[in-house]
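Okay, input.cif is below, mmCIF, C-alpha atoms:
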data_query
#
loop_
_atom_site.label_atom_id
_atom_site.label_comp_id
_atom_site.auth_asym_id
_atom_site.auth_seq_id
_atom_site.Cartn_x
_atom_site.Cartn_y
_atom_site.Cartn_z
CA MET A 25 41.28 29.75 120.74
CA ASN A 26 37.93 31.31 121.55
CA SER A 27 34.90 31.45 119.27
CA LYS A 28 35.34 35.13 118.38
CA THR A 29 38.93 34.58 117.20
CA THR A 30 37.87 31.52 115.21
CA LYS A 31 35.07 33.49 113.52
CA THR A 32 37.40 36.40 112.75
CA ILE A 33 40.01 34.12 111.16
CA TYR A 34 37.29 32.22 109.27
CA TRP A 35 35.57 35.31 107.83
CA THR A 36 38.89 36.98 106.99
CA GLY A 37 39.88 33.83 105.12
CA VAL A 38 36.50 33.63 103.37
CA VAL A 39 36.72 37.25 102.24
CA LEU A 40 40.31 36.87 101.00
CA THR A 41 39.51 33.57 99.26
CA SER A 42 36.40 35.11 97.70
CA LEU A 43 38.36 38.11 96.45
CA TRP A 44 41.11 35.88 95.04
CA PHE A 45 38.84 33.35 93.33
CA GLY A 46 36.19 35.93 92.42
CA ALA A 47 38.78 38.06 90.62
CA SER A 48 40.19 34.95 88.97
CA GLY A 49 36.72 33.88 87.84
CA VAL A 50 35.95 37.32 86.39
CA CYS A 51 39.32 37.37 84.58
CA GLU A 52 38.60 33.95 83.10
CA LEU A 53 35.13 34.98 81.91
CA THR A 54 36.28 38.31 80.44
CA GLN A 55 39.29 36.78 78.66
CA ASN A 56 41.86 38.78 80.58
CA PRO A 57 45.01 38.41 78.45
CA VAL A 58 47.32 37.69 81.39
CA VAL A 59 45.12 34.97 82.91
CA TRP A 60 44.21 33.45 79.56
CA GLY A 61 47.82 33.55 78.37
CA ILE A 62 49.07 31.60 81.38
CA THR A 63 46.17 29.14 81.38
CA VAL A 64 46.51 28.37 77.67
CA LYS A 65 50.29 28.07 78.10
CA LEU A 66 49.62 25.44 80.78
CA GLY A 67 47.70 23.45 78.16
CA TYR A 68 44.10 24.01 79.22
CA PRO A 69 41.56 24.47 76.38
CA PRO A 70 39.55 27.71 76.13
CA HIS A 71 36.18 26.09 76.92
CA PHE A 72 37.63 24.78 80.20
CA ILE A 73 38.70 28.30 81.19
CA TYR A 74 35.08 29.48 80.92
CA ILE A 75 33.92 26.54 83.04
CA LEU A 76 36.51 27.44 85.69
CA GLY A 77 35.32 31.05 85.72
CA VAL A 78 31.67 30.12 86.20
CA THR A 79 32.37 27.54 88.92
CA LYS A 80 34.65 29.93 90.80
CA LEU A 81 31.99 32.64 90.88
CA CYS A 82 29.34 30.12 91.99
CA GLY A 83 31.69 28.90 94.73
CA VAL A 84 32.36 32.43 95.94
CA THR A 85 28.60 33.01 96.18
CA VAL A 86 28.22 29.91 98.36
CA LEU A 87 31.19 30.80 100.58
CA LEU A 88 29.78 34.25 101.30
CA ALA A 89 26.39 32.91 102.46
CA PRO A 90 26.57 33.12 106.28
CA ASN A 91 25.47 30.04 108.28
CA ARG A 92 23.87 28.43 105.24
CA LEU A 93 24.66 25.80 102.63
CA LEU A 94 27.20 24.08 104.89
CA ARG A 95 27.29 20.84 102.87
CA LEU A 96 27.71 22.83 99.67
CA LYS A 97 30.51 24.87 101.29
CA GLU A 98 32.29 21.58 101.95
CA TRP A 99 32.14 20.89 98.21
CA VAL A 100 33.32 24.41 97.41
CA PHE A 101 36.36 23.95 99.65
CA ALA A 102 37.07 20.64 97.89
CA GLY A 103 36.79 22.34 94.49
CA ILE A 104 39.11 25.13 95.57
CA PHE A 105 41.66 22.62 96.81
CA PHE A 106 41.45 20.76 93.47
CA ASP A 107 41.91 24.04 91.59
CA ILE A 108 44.94 24.98 93.68
CA THR A 109 46.46 21.50 93.39
CA PHE A 110 46.03 21.38 89.60
CA ALA A 111 47.41 24.91 89.27
CA PHE A 112 50.45 24.00 91.38
CA PHE A 113 51.34 20.86 89.43
CA SER A 114 50.59 22.40 86.04
CA LYS A 115 52.77 25.41 86.82
CA ILE A 116 55.61 23.35 88.24
CA ALA A 117 55.60 21.11 85.15
CA VAL A 118 55.41 23.89 82.55
CA LEU A 119 56.63 27.14 84.12
CA GLY A 120 58.89 25.99 86.96
CA PHE A 121 58.82 26.37 90.72
CA PRO A 122 58.85 30.21 90.97
CA ALA A 123 55.46 30.30 89.19
CA THR A 124 53.88 28.19 91.95
CA ILE A 125 54.22 30.74 94.76
CA ASP A 126 50.63 31.96 94.30
CA ALA A 127 49.32 28.39 94.55
CA ILE A 128 51.31 27.80 97.75
CA VAL A 129 50.00 31.01 99.32
CA ALA A 130 46.43 30.15 98.27
CA PHE A 131 46.80 26.63 99.70
CA VAL A 132 47.94 27.93 103.09
CA MET A 133 45.19 30.57 103.19
CA VAL A 134 42.40 28.17 102.21
CA THR A 135 43.68 25.46 104.58
CA ALA A 136 43.55 27.87 107.54
CA THR A 137 40.07 28.98 106.47
CA TYR A 138 38.86 25.39 106.17
CA ILE A 139 40.24 24.48 109.61
CA MET A 140 38.31 27.41 111.11
CA PHE A 141 35.20 26.33 109.15
CA ARG A 142 35.43 22.88 110.75
CA LYS A 143 35.88 24.43 114.22
CA LEU A 144 32.79 26.59 113.73
CA TYR A 145 30.74 23.87 112.06
CA PRO A 146 31.91 20.45 113.26
CA ALA A 147 31.04 17.58 110.96
CA THR A 148 28.22 15.46 112.31
CA TYR A 149 27.62 12.01 110.98
CA ALA A 150 24.25 10.35 111.37
CA THR A 151 24.04 6.72 112.36
CA PRO A 152 22.47 4.68 109.56
CA VAL A 153 18.93 3.63 110.23
CA ASN A 154 18.40 -0.11 110.32
CA THR A 155 15.48 -0.48 107.94
CA PHE A 156 15.31 -4.23 108.41
CA ALA A 157 15.04 -4.13 112.21
CA GLY A 158 17.66 -6.83 112.60
CA ASN A 159 15.59 -9.42 110.72
CA PRO A 160 17.70 -10.78 107.85
CA ALA A 161 14.68 -12.79 106.64
CA SER A 162 12.97 -9.54 105.64
CA VAL A 163 15.72 -8.81 103.13
CA THR A 164 14.77 -9.83 99.62
CA ALA A 165 17.35 -10.66 97.02
#
Could you render the structure as structure tokens?
Amino acid sequence: MNSKTTKTIYWTGVVLTSLWFGASGVCELTQNPVVWGITVKLGYPPHFIYILGVTKLCGVTVLLAPNRLLRLKEWVFAGIFFDITFAFFSKIAVLGFPATIDAIVAFVMVTATYIMFRKLYPATYATPVNTFAGNPASVTA
């Protein structure tokens, strides 16, 4: 897969994820009756719904920043995966399997987007610096 295809898939996924989670965040903050009804039915308290709305909108802002905040984007993807996972298991426990279809679709979409993110921005790990220069005697207890 060439770089242009990877970028196209990545940005399509980012836009779709941002629309999905942005709309969800706005619905949570404006007390949309459908969203609030389902979320309360799943057992989540109202103050938690507001927190979800704020964090989703902050995450969308980070995702839409091109070529910036890469470490923070990694955290946003993790948060989105946690949100999807909790939604899936909450819905399967309370509402049954048919209610989980949106979580499954979101999981597939965000997974493809994250894979493209890693192809565009490979993780680099720095080698730890040896501050003691190999001299164990310089280490104080």
**Asked** Which residues match the PyMOL selection byres ((chain A and resi 37-46) around 7) in the file above, as an MDAnalysis selection string?
**Response** chainID A and resid 33:36 47:50 80:81 84 87 133:134 137
**Request:** Do a neighbour search on region 107-112 of chain A at 7 Å with only C-alpha atoms, toss out local chain neighbours closer than 5 positions, and write the hits as a ChimeraX atom specification.
**Result:** /A:124,127,131
**Å distance separating CA of Arg92 (chain A) from CA of Tyr145 (chain A), one decimal place** =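 So the answer is 10.7 Å.
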**Request:** Find the residues with any atom within 6 Å of (37.9, 26.2, 115.6); use only C-alpha atoms and the coordinates as given in the file, and write the answer as a PyMOL selection string.
**Result:** chain A and resi 30+140+143-144
Once you have the residues from the selection above, write them out as a short mmCIF file (atom, residue, chain, number, x, y, z; two decimals), in the coordinates of the input, restricted to C-alpha atoms.
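In the end it all went to out25.cif:
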data_model
loop_
_atom_site.label_atom_id
_atom_site.label_comp_id
_atom_site.auth_asym_id
_atom_site.auth_seq_id
_atom_site.Cartn_x
_atom_site.Cartn_y
_atom_site.Cartn_z
CA THR A 30 37.87 31.52 115.21
CA MET A 140 38.31 27.41 111.11
CA LYS A 143 35.88 24.43 114.22
CA LEU A 144 32.79 26.59 113.73
#
**Request:** Evaluate the PyMOL selection byres ((chain A and resi 66-72) around 9) on the structure here and hand back the selected residues as an NGL selection string.
**Result:** :A and (60-65 or 73-77 or 111 or 114-115 or 117-119)
**Item:** All residues 9 Å or closer to Gly83 (chain A), all atoms listed in the file, same chain fewer than 5 positions away omitted, as a PyMOL selection string
**Value:** chain A and resi 42+45-46+78+88+96-97+99-101+103-104
